[in-house]
$ cat input_2.txt   # compact mmCIF, C-alpha atoms
# COMPACT_ATOMS: atom_id res chain seq x y z
CA MET A 228 -127.04 208.73 117.67
CA ASN A 229 -124.36 208.76 120.32
CA ALA A 230 -126.10 205.97 122.25
CA VAL A 231 -129.29 203.94 122.52
CA ARG A 232 -131.22 203.14 125.68
CA LEU A 233 -132.84 199.71 125.70
CA THR A 234 -135.65 198.69 128.05
CA PRO A 235 -136.75 195.12 128.85
CA PRO A 236 -139.95 193.89 127.17
CA ALA A 237 -143.08 193.97 129.31
CA GLY A 238 -144.27 190.51 128.26
CA PRO A 239 -143.38 187.54 126.08
CA ILE A 240 -141.40 188.11 122.90
CA ARG A 241 -143.21 187.40 119.66
CA ALA A 242 -141.29 188.42 116.57
CA THR A 243 -140.55 187.50 112.97
CA ILE A 244 -137.17 188.89 111.89
CA PRO A 245 -136.18 189.31 108.21
CA LEU A 246 -132.46 188.85 108.76
CA ALA A 247 -129.76 190.67 106.84
CA SER A 248 -127.99 188.60 104.19
CA SER A 249 -124.62 187.00 104.89
CA LYS A 250 -121.63 189.30 104.66
CA SER A 251 -119.26 186.34 104.49
CA GLU A 252 -121.05 184.72 101.55
CA SER A 253 -121.51 188.07 99.81
CA ASN A 254 -117.86 189.02 99.97
CA ARG A 255 -116.72 185.69 98.55
CA ALA A 256 -119.33 185.77 95.79
CA LEU A 257 -118.28 189.32 94.85
CA ILE A 258 -114.61 188.32 94.45
CA ILE A 259 -115.36 185.13 92.53
CA ASN A 260 -117.80 186.97 90.26
CA ALA A 261 -115.15 189.63 89.63
CA LEU A 262 -112.66 186.90 88.70
CA SER A 263 -115.25 185.52 86.25
CA GLY A 264 -115.40 188.89 84.50
CA PHE A 265 -118.37 190.32 86.44
CA ARG A 266 -120.65 188.25 84.21
CA GLY A 267 -122.65 186.42 86.87
CA THR A 268 -125.78 187.70 88.61
CA LEU A 269 -125.69 187.93 92.41
CA HIS A 270 -128.92 188.04 94.40
CA ASN A 271 -129.53 189.21 97.98
CA VAL A 272 -126.04 190.71 98.36
CA SER A 273 -125.48 192.05 101.86
CA ALA A 274 -126.25 195.70 102.58
CA ALA A 275 -123.57 195.63 105.28
CA ARG A 276 -120.94 198.33 104.98
CA ASP A 277 -118.16 195.77 104.45
CA SER A 278 -119.89 194.28 101.40
CA GLN A 279 -120.93 197.64 100.00
CA THR A 280 -117.32 198.78 100.38
CA MET A 281 -116.24 195.69 98.45
CA ILE A 282 -118.68 196.49 95.63
CA ARG A 283 -117.53 200.11 95.47
CA LEU A 284 -113.83 199.24 95.36
CA LEU A 285 -114.26 196.48 92.77
CA GLN A 286 -115.99 199.00 90.51
CA SER A 287 -113.64 201.92 91.22
CA GLU A 288 -110.84 203.00 88.91
CA ASP A 289 -109.18 205.08 91.64
CA SER A 290 -105.60 204.18 92.50
CA VAL A 291 -106.36 204.21 96.23
CA ALA A 292 -108.67 201.57 97.74
CA ASP A 293 -109.76 202.59 101.26
CA VAL A 294 -111.40 199.55 102.88
CA LEU A 295 -112.31 201.53 106.01
CA ASP A 296 -112.48 198.94 108.85
CA ALA A 297 -113.27 195.89 106.69
CA GLY A 298 -110.69 193.19 107.34
CA THR A 299 -112.19 190.68 104.92
CA THR A 300 -112.32 193.32 102.21
CA MET A 301 -108.65 194.22 102.80
CA ARG A 302 -107.48 190.62 102.59
CA PHE A 303 -109.62 189.53 99.64
CA LEU A 304 -108.88 192.66 97.61
CA THR A 305 -105.14 192.44 98.27
CA ALA A 306 -105.13 189.00 96.63
CA TYR A 307 -107.53 190.08 93.86
CA PHE A 308 -105.65 193.26 92.92
CA ALA A 309 -102.32 191.43 93.10
CA VAL A 310 -103.22 188.51 90.84
CA THR A 311 -105.03 190.73 88.32
CA GLY A 312 -101.95 192.95 88.04
CA GLN A 313 -103.60 196.14 89.24
CA HIS A 314 -101.61 199.02 90.70
CA LYS A 315 -103.55 199.85 93.86
CA THR A 316 -102.80 201.38 97.24
CA LEU A 317 -104.82 199.58 99.91
CA THR A 318 -105.41 201.36 103.20
CA GLY A 319 -108.03 201.70 105.91
CA THR A 320 -108.80 203.06 109.35
CA PRO A 321 -106.02 203.38 111.95
CA ARG A 322 -107.17 200.10 113.52
CA MET A 323 -107.21 198.42 110.10
CA CYS A 324 -103.60 199.45 109.64
CA GLU A 325 -102.75 197.70 112.93
CA ARG A 326 -104.18 194.36 111.75
CA PRO A 327 -101.53 192.00 110.35
CA ILE A 328 -101.49 190.94 106.71
CA GLY A 329 -97.89 189.72 106.38
CA LEU A 330 -98.69 186.00 105.97
CA LEU A 331 -100.93 186.72 102.98
CA VAL A 332 -98.52 189.18 101.38
CA ASP A 333 -95.61 186.74 101.76
CA ALA A 334 -97.68 184.02 100.06
CA LEU A 335 -98.70 186.33 97.21
CA ARG A 336 -95.07 187.42 96.70
CA THR A 337 -94.09 183.75 96.45
CA LEU A 338 -96.66 183.36 93.68
CA GLY A 339 -95.16 186.30 91.77
CA ALA A 340 -96.96 189.37 93.10
CA GLU A 341 -95.06 192.61 93.61
CA ILE A 342 -96.35 194.18 96.82
CA GLU A 343 -94.76 196.99 98.81
CA TYR A 344 -95.55 198.16 102.33
CA LEU A 345 -95.83 201.93 102.75
CA ASN A 346 -95.21 202.12 106.49
CA LYS A 347 -94.64 199.10 108.74
CA ASP A 348 -93.73 195.72 107.25
CA GLY A 349 -96.53 193.20 107.65
CA PHE A 350 -99.30 195.79 107.97
CA PRO A 351 -101.36 198.06 105.71
CA PRO A 352 -101.15 200.41 103.94
CA LEU A 353 -99.60 198.57 101.01
CA VAL A 354 -99.33 198.85 97.24
CA THR A 355 -99.91 196.08 94.70
CA LYS A 356 -97.63 196.72 91.72
CA GLY A 357 -98.07 193.81 89.33
CA PHE A 358 -97.99 190.06 88.94
CA SER A 359 -95.36 188.00 87.15
CA GLY A 360 -97.03 184.58 87.43
CA ASN A 361 -93.74 182.77 88.10
CA GLY A 362 -95.29 179.28 87.93
CA THR A 363 -95.16 178.45 91.62
CA ASN A 364 -98.03 176.07 92.28
CA ARG A 365 -97.46 175.00 95.88
CA LEU A 366 -97.51 177.06 99.06
CA ALA A 367 -97.40 176.42 102.79
CA ILE A 368 -99.30 178.80 105.08
CA ARG A 369 -100.30 178.69 108.73
CA GLY A 370 -103.86 177.52 109.23
CA ASP A 371 -104.28 178.84 112.76
CA VAL A 372 -104.16 182.63 112.34
CA SER A 373 -106.85 183.72 109.86
CA SER A 374 -108.90 181.59 107.48
CA GLN A 375 -109.38 184.75 105.39
CA TYR A 376 -105.77 184.49 104.19
CA ILE A 377 -106.50 180.95 103.03
CA SER A 378 -109.80 181.87 101.39
CA ALA A 379 -108.15 184.80 99.58
CA LEU A 380 -105.51 182.47 98.10
CA LEU A 381 -108.03 179.76 97.22
CA MET A 382 -110.26 182.14 95.30
CA ILE A 383 -107.44 183.46 93.10
CA ALA A 384 -105.86 180.00 92.66
CA PRO A 385 -107.85 178.98 89.53
CA THR A 386 -106.44 182.01 87.69
CA LEU A 387 -102.83 180.87 88.20
CA PRO A 388 -101.11 179.13 85.24
CA ASP A 389 -100.75 175.80 87.09
CA GLY A 390 -103.37 176.21 89.78
CA LEU A 391 -102.30 175.90 93.41
CA THR A 392 -101.85 173.38 96.20
CA LEU A 393 -102.05 174.92 99.66
CA GLU A 394 -100.44 173.11 102.59
CA LEU A 395 -101.93 174.30 105.88
CA THR A 396 -99.47 174.09 108.75
CA GLY A 397 -100.39 173.84 112.42
CA GLU A 398 -103.98 173.66 113.57
CA VAL A 399 -106.61 174.80 111.09
CA GLY A 400 -108.99 177.42 112.51
CA SER A 401 -112.37 178.54 111.17
CA LYS A 402 -112.49 175.48 108.91
CA PRO A 403 -116.18 176.03 108.01
CA TYR A 404 -115.25 179.37 106.44
CA ILE A 405 -112.71 177.59 104.23
CA GLY A 406 -115.41 175.07 103.37
CA MET A 407 -117.76 177.93 102.48
CA THR A 408 -115.16 179.31 100.07
CA LEU A 409 -114.65 175.93 98.41
CA ARG A 410 -118.39 175.34 97.97
CA GLN A 411 -118.90 178.79 96.47
CA MET A 412 -115.99 178.18 94.09
CA GLU A 413 -117.65 174.91 93.11
CA HIS A 414 -120.88 176.79 92.38
CA PHE A 415 -118.89 178.90 89.90
CA GLY A 416 -117.43 175.81 88.21
CA VAL A 417 -114.12 175.18 90.02
CA GLN A 418 -113.83 171.91 91.94
CA ALA A 419 -111.00 171.90 94.49
CA ILE A 420 -109.80 168.80 96.34
CA ALA A 421 -109.45 169.20 100.11
CA ASN A 422 -107.69 166.52 102.15
CA TRP A 423 -108.12 167.46 105.80
CA GLU A 424 -105.94 164.56 106.98
CA THR A 425 -102.90 165.86 105.11
CA LYS A 426 -104.18 169.45 105.45
CA THR A 427 -103.76 170.15 101.74
CA ILE A 428 -106.15 171.80 99.29
CA THR A 429 -105.49 171.48 95.56
CA VAL A 430 -107.15 173.90 93.14
CA PRO A 431 -106.89 173.35 89.35
CA SER A 432 -106.12 176.09 86.85
CA LYS A 433 -109.55 176.68 85.35
CA PRO A 434 -111.64 179.73 84.46
CA TYR A 435 -114.65 180.43 86.65
CA SER A 436 -118.03 179.98 84.95
CA PRO A 437 -120.32 183.01 85.26
CA THR A 438 -123.55 182.02 86.99
CA ASP A 439 -126.36 183.22 89.25
CA TYR A 440 -125.81 183.04 93.00
CA ALA A 441 -128.29 183.75 95.83
CA VAL A 442 -126.80 184.74 99.20
CA GLU A 443 -128.30 183.17 102.34
CA SER A 444 -129.33 185.19 105.40
CA ASP A 445 -126.60 185.79 107.95
CA TRP A 446 -126.10 183.24 110.74
CA SER A 447 -123.77 185.63 112.57
CA GLY A 448 -126.61 188.14 112.74
CA ALA A 449 -128.98 185.36 113.77
CA SER A 450 -126.83 184.59 116.81
CA TYR A 451 -127.93 187.77 118.62
CA TRP A 452 -131.56 186.65 118.36
CA PHE A 453 -130.68 183.28 119.85
CA SER A 454 -129.17 185.18 122.77
CA MET A 455 -132.23 187.42 123.09
CA LEU A 456 -134.53 184.43 123.33
CA ALA A 457 -132.20 182.68 125.79
CA LEU A 458 -132.37 185.78 128.02
CA ALA A 459 -136.10 186.43 127.60
CA GLU A 460 -137.85 186.07 130.97
CA ASP A 461 -141.18 184.77 129.66
CA GLU A 462 -140.98 181.04 128.87
CA THR A 463 -143.58 181.34 126.10
CA SER A 464 -141.41 183.72 124.05
CA GLU A 465 -140.77 182.76 120.42
CA ILE A 466 -138.74 184.23 117.54
CA GLU A 467 -138.87 183.30 113.86
CA LEU A 468 -135.77 184.08 111.79
CA LEU A 469 -136.31 184.23 108.04
CA GLY A 470 -134.01 183.14 105.24
CA LEU A 471 -131.82 180.61 107.09
CA LYS A 472 -131.03 177.11 105.82
CA GLU A 473 -130.52 174.00 107.91
CA ASN A 474 -127.65 172.83 105.67
CA SER A 475 -125.88 176.17 105.61
CA LEU A 476 -122.47 177.04 104.15
CA GLN A 477 -121.87 179.31 107.14
CA GLY A 478 -119.83 178.12 110.11
CA ASP A 479 -121.79 180.34 112.48
CA SER A 480 -124.80 178.06 112.02
CA ALA A 481 -123.09 176.26 114.94
CA ILE A 482 -125.10 178.67 117.11
CA VAL A 483 -127.95 176.13 116.89
CA ASP A 484 -125.91 173.55 118.82
CA ILE A 485 -124.25 176.05 121.13
CA MET A 486 -127.52 177.62 122.26
CA ARG A 487 -129.42 174.38 122.81
CA PRO A 488 -127.86 173.84 126.28
CA LEU A 489 -128.49 177.52 126.99
CA GLY A 490 -132.23 177.02 126.58
CA VAL A 491 -132.99 177.66 122.89
CA GLU A 492 -134.49 175.00 120.62
CA SER A 493 -134.44 175.48 116.83
CA THR A 494 -137.08 174.17 114.44
CA PHE A 495 -136.42 174.63 110.72
CA THR A 496 -139.24 175.54 108.36
CA PRO A 497 -139.38 176.34 104.62
CA LYS A 498 -139.08 180.03 105.58
CA GLY A 499 -136.23 179.77 108.09
CA VAL A 500 -136.01 178.72 111.73
CA VAL A 501 -138.31 179.12 114.75
CA LEU A 502 -136.70 179.57 118.18
CA THR A 503 -138.46 178.43 121.36
CA LYS A 504 -137.37 178.29 124.98
CA THR A 505 -136.36 175.11 126.82
CA PRO A 506 -134.61 174.46 130.18
CA SER A 507 -130.93 175.42 130.36
CA GLN A 508 -128.02 173.21 131.37
CA PRO A 509 -125.93 174.20 134.43
CA SER A 510 -122.68 174.85 132.51
CA LEU A 511 -121.17 174.96 129.03
CA ALA A 512 -117.75 174.35 127.47
CA TRP A 513 -117.16 175.19 123.80
CA ASP A 514 -114.26 175.36 121.37
CA PHE A 515 -114.81 178.45 119.17
CA THR A 516 -111.94 177.68 116.79
CA ASP A 517 -114.35 177.20 113.89
CA CYS A 518 -116.77 180.00 114.86
CA PRO A 519 -114.85 182.74 116.73
CA ASP A 520 -117.39 185.44 115.86
CA LEU A 521 -119.92 183.73 118.13
CA ALA A 522 -117.76 183.89 121.24
CA GLN A 523 -118.78 187.38 122.38
CA THR A 524 -122.49 186.62 122.06
CA VAL A 525 -122.25 183.36 123.98
CA ALA A 526 -119.99 184.85 126.67
CA VAL A 527 -122.45 187.66 127.40
CA CYS A 528 -125.43 185.31 127.37
CA CYS A 529 -123.79 182.93 129.85
CA ALA A 530 -122.73 185.78 132.11
CA ILE A 531 -126.29 187.11 132.37
CA LYS A 532 -127.84 183.63 132.80
CA ASN A 533 -125.17 182.81 135.43
CA ILE A 534 -124.07 179.72 133.52
CA PRO A 535 -120.31 179.08 133.87
CA LEU A 536 -118.72 178.99 130.41
CA THR A 537 -115.33 177.57 129.40
CA LEU A 538 -114.03 178.91 126.07
CA THR A 539 -111.16 177.81 123.87
CA GLY A 540 -110.31 178.83 120.33
CA ILE A 541 -110.67 182.59 120.85
CA GLU A 542 -107.10 183.86 120.42
CA SER A 543 -107.89 185.24 116.95
CA LEU A 544 -110.32 187.67 118.63
CA LYS A 545 -107.33 189.73 119.69
CA ILE A 546 -106.63 190.84 116.10
CA LYS A 547 -110.20 191.68 115.07
CA GLU A 548 -111.83 195.13 114.88
CA THR A 549 -110.64 195.55 118.44
CA ASP A 550 -108.96 193.23 120.92
CA ARG A 551 -112.23 191.48 121.66
CA VAL A 552 -110.87 189.52 124.59
CA PHE A 553 -109.85 192.73 126.37
CA ALA A 554 -113.12 194.43 125.40
CA LEU A 555 -115.16 191.54 126.81
CA GLN A 556 -113.14 191.53 130.01
CA THR A 557 -113.80 195.24 130.47
CA GLU A 558 -117.50 195.30 129.64
CA LEU A 559 -118.52 192.12 131.48
CA LYS A 560 -117.46 193.79 134.73
CA LYS A 561 -120.38 196.17 134.25
CA VAL A 562 -122.80 193.26 134.81
CA GLY A 563 -120.88 191.70 137.69
CA ALA A 564 -119.10 189.06 135.59
CA GLU A 565 -115.57 188.33 134.46
CA LEU A 566 -113.70 186.67 131.61
CA VAL A 567 -110.44 185.19 132.90
CA GLU A 568 -107.70 183.15 131.32
CA ILE A 569 -107.17 179.79 132.98
CA THR A 570 -104.16 178.60 130.91
CA PRO A 571 -101.72 181.53 130.96
CA GLY A 572 -98.69 181.47 128.72
CA ALA A 573 -97.00 183.17 125.78
CA ARG A 574 -99.24 185.36 123.62
CA ASP A 575 -99.86 183.96 120.16
CA ALA A 576 -102.88 184.78 118.02
CA GLY A 577 -102.77 181.27 116.64
CA ASP A 578 -102.64 179.36 119.94
CA ASN A 579 -106.24 178.19 120.20
CA SER A 580 -105.53 175.70 122.99
CA ARG A 581 -105.63 178.49 125.57
CA SER A 582 -108.67 178.35 127.85
CA TYR A 583 -110.82 181.09 129.34
CA CYS A 584 -113.86 181.06 131.55
CA VAL A 585 -116.80 183.38 132.04
CA ARG A 586 -118.35 183.47 135.49
CA ARG A 587 -120.77 185.67 137.37
CA LEU A 588 -119.24 187.16 140.49
CA ALA A 589 -122.15 189.15 141.86
CA ASP A 590 -125.50 190.60 141.05
CA ALA A 591 -125.33 193.29 138.40
CA PRO A 592 -124.23 196.67 139.79
CA GLY A 593 -127.12 198.95 140.70
CA SER A 594 -126.20 201.70 138.25
CA LEU A 595 -127.41 201.70 134.67
CA PRO A 596 -124.68 199.96 132.61
CA HIS A 597 -123.34 201.91 129.65
CA PHE A 598 -121.62 199.45 127.31
CA ASP A 599 -118.81 200.75 125.12
CA THR A 600 -118.50 199.28 121.63
CA TYR A 601 -114.82 199.86 120.70
CA ASP A 602 -115.65 200.58 117.02
CA ASP A 603 -116.73 196.92 116.89
CA HIS A 604 -120.12 195.91 115.54
CA ARG A 605 -120.08 192.59 117.38
CA MET A 606 -119.51 194.24 120.76
CA ALA A 607 -122.66 196.33 120.27
CA MET A 608 -124.83 193.42 119.19
CA ALA A 609 -123.43 190.91 121.70
CA PHE A 610 -124.35 193.14 124.64
CA ALA A 611 -127.70 194.36 123.29
CA PRO A 612 -129.57 191.19 124.44
CA VAL A 613 -128.77 192.10 128.06
CA ALA A 614 -131.78 194.40 127.62
CA MET A 615 -134.03 191.35 127.90
CA ARG A 616 -133.20 191.39 131.65
CA GLN A 617 -132.39 195.01 132.54
CA GLU A 618 -132.28 198.53 131.17
CA ILE A 619 -128.99 199.30 129.44
CA VAL A 620 -127.29 201.92 127.27
CA VAL A 621 -125.15 200.99 124.27
CA ASN A 622 -122.70 203.67 123.19
CA GLU A 623 -121.91 204.44 119.53
CA PRO A 624 -124.62 202.13 118.20
CA GLY A 625 -123.90 203.06 114.58
CA VAL A 626 -121.08 200.51 114.47
CA VAL A 627 -123.65 197.84 113.55
CA ALA A 628 -123.65 199.23 109.99
CA LYS A 629 -120.55 197.14 109.36
CA SER A 630 -122.55 193.90 109.18
CA TYR A 631 -126.22 194.41 110.20
CA PRO A 632 -127.42 197.95 109.35
CA SER A 633 -131.05 197.28 110.38
CA PHE A 634 -130.19 195.74 113.76
CA TRP A 635 -131.70 198.46 115.96
CA GLU A 636 -134.84 198.67 113.82
CA ASP A 637 -135.24 194.92 114.13
CA MET A 638 -134.57 194.99 117.86
CA ALA A 639 -137.33 197.57 118.28
CA ARG A 640 -139.73 194.74 117.36
CA VAL A 641 -139.09 193.10 120.76
CA THR A 642 -138.12 195.91 123.11
CA THR A 643 -138.00 199.69 123.47
CA VAL A 644 -135.06 201.33 121.68
CA LYS A 645 -134.62 205.06 122.31
CA PRO A 646 -131.80 207.23 120.93
CA VAL A 647 -129.65 209.11 123.44
CA GLU A 648 -127.87 212.19 122.14
$ encode --input "input_2.txt" --output "structure tokens"
Amino acid sequence: MNAVRLTPPAGPIRATIPLASSKSESNRALIINALSGFRGTLHNVSAARDSQTMIRLLQSEDSVADVLDAGTTMRFLTAYFAVTGQHKTLTGTPRMCERPIGLLVDALRTLGAEIEYLNKDGFPPLVTKGFSGNGTNRLAIRGDVSSQYISALLMIAPTLPDGLTLELTGEVGSKPYIGMTLRQMEHFGVQAIANWETKTITVPSKPYSPTDYAVESDWSGASYWFSMLALAEDETSEIELLGLKENSLQGDSAIVDIMRPLGVESTFTPKGVVLTKTPSQPSLAWDFTDCPDLAQTVAVCCAIKNIPLTLTGIESLKIKETDRVFALQTELKKVGAELVEITPGARDAGDNSRSYCVRRLADAPGSLPHFDTYDDHRMAMAFAPVAMRQEIVVNEPGVVAKSYPSFWEDMARVTTVKPVE
């Protein structure tokens, strides 16, 4: 399909959605299980392309590991291949090779890894060439750029001769994702000590214990259904999302609190969570430092509901699959809204104090909006809920395969989804 045309539902939404499993949990479990000798049993591993790419590359004996557009896979495998002494060339799509990895590579080199860049310093492609294990057991790394660097180092830390103490400098972003990593490590028998006041995490040198692990459904994928219910016109609409836990490891479970003022109430059941509609608040301000992947969804939802939104903590979006800030600014114009920066200054992907606002400027333009997706799964899924209010077209819908391959099939449960060639 080159595009899909989505049409608003004729009546109230009534749907039960069997959500895809968590890509974030799956990718961490796959690395930890590999470090335990592939002797554990993993259940409900994500069918998302990123996780399937991780599985393929962990099993492959090829000298070249092409991660495609999977940033998490690139970062986690760079640490894994380095510490296990494997000679691998890691590469990916052109956009993947524009995404920085220098902070992680510098840290791994300090620990004794031999890593060489093939083109531009600080960016893929790169080659891991061996590991000397020089005994370094303390590192300092910025906490405000990507938590995936930190998680990659934490997961390989138990395999080091003296373990590792990580000192996180600056503000610490996406802290729940670091917490997810630590809790999954604990499940496999390694207890780390995190002191958030001193911003240090100490991991002992200890072999992982092979074990069974069941992956939860994906809260990131759930967020689009929260937005769909928030935008549903009929007040009796209701959506049940299966496989979610109230006490989740996933930081994106924050969508429950974010969406409450936008008119969505969550009720947990033994099977998952039931979403119902409630009155919305007149405005919203939210710091997305710990859940940046939710920002696009919430921004689009607020724009359509005409609820002014103030966002902070979104600078890391500029180094994702696309520059998501720019992409949002461009696509929101198609529905008569804008995303503007209200604290201009020097550009720094780690400066999460910068503020933005989303506001509706006018009624949506009369023409049928065609939303571009920028090779970014989250752009496609963040804008899809607009179809609860008006007919839309989403270009290159296949990008959802990266994290939620069944998204369009699931969406067809609540609205009309027609392919456009």
$ closest_residue --input "input_2.txt" --among "A:Lys472, A:Arg302, A:Lys629, A:Lys560" --to "Leu317 of chain A" --atoms "all atoms listed in the file"
A:Arg302
$ atom_distance --input "input_2.txt" --atom1 "atom CA of Gln508 of chain A" --atom2 "atom CA of Ile534 of chain A"
7.9 Å
$ residues_around --input "input_2.txt" --residues "Arg241 of chain A" --least-positions-apart "2" --cutoff "12 Å" --atoms "all atoms listed in the file" --output "NGL selection string"
:A and (236-239 or 243-244 or 452 or 455-456 or 459 or 461-468 or 501-503 or 638-642)
$ closest_residue --input "input_2.txt" --among "A:Ile282, A:Met323, A:Met615, A:Cys518" --to "Phe453 of chain A" --atoms "all atoms listed in the file"
A:Met615
$ atom_distance --input "input_2.txt" --atom1 "atom CA of Leu262 of chain A" --atom2 "atom CA of Pro352 of chain A"
23.4 Å
$ closest_residue --input "input_2.txt" --among "A:Ala309, A:Leu393, A:Ile383, A:Ala526" --to "Ser359 of chain A" --atoms "only C-alpha atoms"
A:Ala309
$ atom_distance --input "input_2.txt" --atom1 "atom CA of Arg365 of chain A" --atom2 "atom CA of Lys547 of chain A"
28.4 Å
$ closest_residue --input "input_2.txt" --among "A:Ala564, A:Val291, A:Ile240, A:Leu595" --to "Ala457 of chain A" --atoms "only C-alpha atoms"
A:Ile240
$ closest_residue --input "input_2.txt" --among "A:Ser253, A:Gln556, A:Asn364, A:Ser543" --to "Pro327 of chain A" --atoms "all atoms listed in the file"
A:Ser543
$ closest_residue --input "input_2.txt" --among "A:Asp371, A:Glu568, A:Asp389, A:Asp484" --to "Leu521 of chain A" --atoms "only C-alpha atoms"
A:Asp484
$ residues_around --input "input_2.txt" --residues "Pro497 of chain A" --least-positions-apart "3" --cutoff "10 Å" --atoms "all atoms listed in the file" --output "PDB file with C-alpha atoms, in the frame of the given file"
ATOM      1  CA  LEU A 469    -136.310 184.230 108.040  1.00  0.00           C
ATOM      2  CA  GLY A 470    -134.010 183.140 105.240  1.00  0.00           C
ATOM      3  CA  LEU A 471    -131.820 180.610 107.090  1.00  0.00           C
ATOM      4  CA  LYS A 472    -131.030 177.110 105.820  1.00  0.00           C
ATOM      5  CA  GLU A 473    -130.520 174.000 107.910  1.00  0.00           C
ATOM      6  CA  VAL A 500    -136.010 178.720 111.730  1.00  0.00           C
TER       7      VAL A 500
END
$ build_atoms --input "input_2.txt" --residues "segment 241-254 of chain A" --atoms "N, CA and C atoms" --output "PDB file, keeping the file's coordinate frame"
ATOM      1  N   ARG A 241    -142.639 188.018 120.843  1.00  0.00           N
ATOM      2  CA  ARG A 241    -143.210 187.400 119.660  1.00  0.00           C
ATOM      3  C   ARG A 241    -142.725 188.208 118.474  1.00  0.00           C
ATOM      4  N   ALA A 242    -141.856 187.640 117.663  1.00  0.00           N
ATOM      5  CA  ALA A 242    -141.290 188.420 116.570  1.00  0.00           C
ATOM      6  C   ALA A 242    -140.908 187.548 115.396  1.00  0.00           C
ATOM      7  N   THR A 243    -141.061 188.102 114.203  1.00  0.00           N
ATOM      8  CA  THR A 243    -140.550 187.500 112.970  1.00  0.00           C
ATOM      9  C   THR A 243    -139.522 188.468 112.407  1.00  0.00           C
ATOM     10  N   ILE A 244    -138.285 188.015 112.249  1.00  0.00           N
ATOM     11  CA  ILE A 244    -137.170 188.890 111.890  1.00  0.00           C
ATOM     12  C   ILE A 244    -136.669 188.548 110.482  1.00  0.00           C
ATOM     13  N   PRO A 245    -136.763 189.512 109.547  1.00  0.00           N
ATOM     14  CA  PRO A 245    -136.180 189.310 108.210  1.00  0.00           C
ATOM     15  C   PRO A 245    -134.689 189.634 108.259  1.00  0.00           C
ATOM     16  N   LEU A 246    -133.879 188.639 108.506  1.00  0.00           N
ATOM     17  CA  LEU A 246    -132.460 188.850 108.760  1.00  0.00           C
ATOM     18  C   LEU A 246    -131.727 189.462 107.568  1.00  0.00           C
ATOM     19  N   ALA A 247    -130.672 190.185 107.883  1.00  0.00           N
ATOM     20  CA  ALA A 247    -129.760 190.670 106.840  1.00  0.00           C
ATOM     21  C   ALA A 247    -129.092 189.476 106.155  1.00  0.00           C
ATOM     22  N   SER A 248    -128.669 189.672 104.915  1.00  0.00           N
ATOM     23  CA  SER A 248    -127.990 188.600 104.190  1.00  0.00           C
ATOM     24  C   SER A 248    -126.549 188.472 104.651  1.00  0.00           C
ATOM     25  N   SER A 249    -125.947 187.331 104.371  1.00  0.00           N
ATOM     26  CA  SER A 249    -124.620 187.000 104.890  1.00  0.00           C
ATOM     27  C   SER A 249    -123.528 187.851 104.256  1.00  0.00           C
ATOM     28  N   LYS A 250    -122.786 188.537 105.111  1.00  0.00           N
ATOM     29  CA  LYS A 250    -121.630 189.300 104.660  1.00  0.00           C
ATOM     30  C   LYS A 250    -120.525 188.376 104.172  1.00  0.00           C
ATOM     31  N   SER A 251    -120.323 187.267 104.858  1.00  0.00           N
ATOM     32  CA  SER A 251    -119.260 186.340 104.490  1.00  0.00           C
ATOM     33  C   SER A 251    -119.497 185.738 103.102  1.00  0.00           C
ATOM     34  N   GLU A 252    -120.727 185.268 102.874  1.00  0.00           N
ATOM     35  CA  GLU A 252    -121.050 184.720 101.550  1.00  0.00           C
ATOM     36  C   GLU A 252    -120.972 185.802 100.485  1.00  0.00           C
ATOM     37  N   SER A 253    -121.495 186.976 100.793  1.00  0.00           N
ATOM     38  CA  SER A 253    -121.510 188.070  99.810  1.00  0.00           C
ATOM     39  C   SER A 253    -120.113 188.432  99.367  1.00  0.00           C
ATOM     40  N   ASN A 254    -119.204 188.581 100.314  1.00  0.00           N
ATOM     41  CA  ASN A 254    -117.860 189.020  99.970  1.00  0.00           C
ATOM     42  C   ASN A 254    -117.124 188.002  99.108  1.00  0.00           C
TER      43      ASN A 254
END
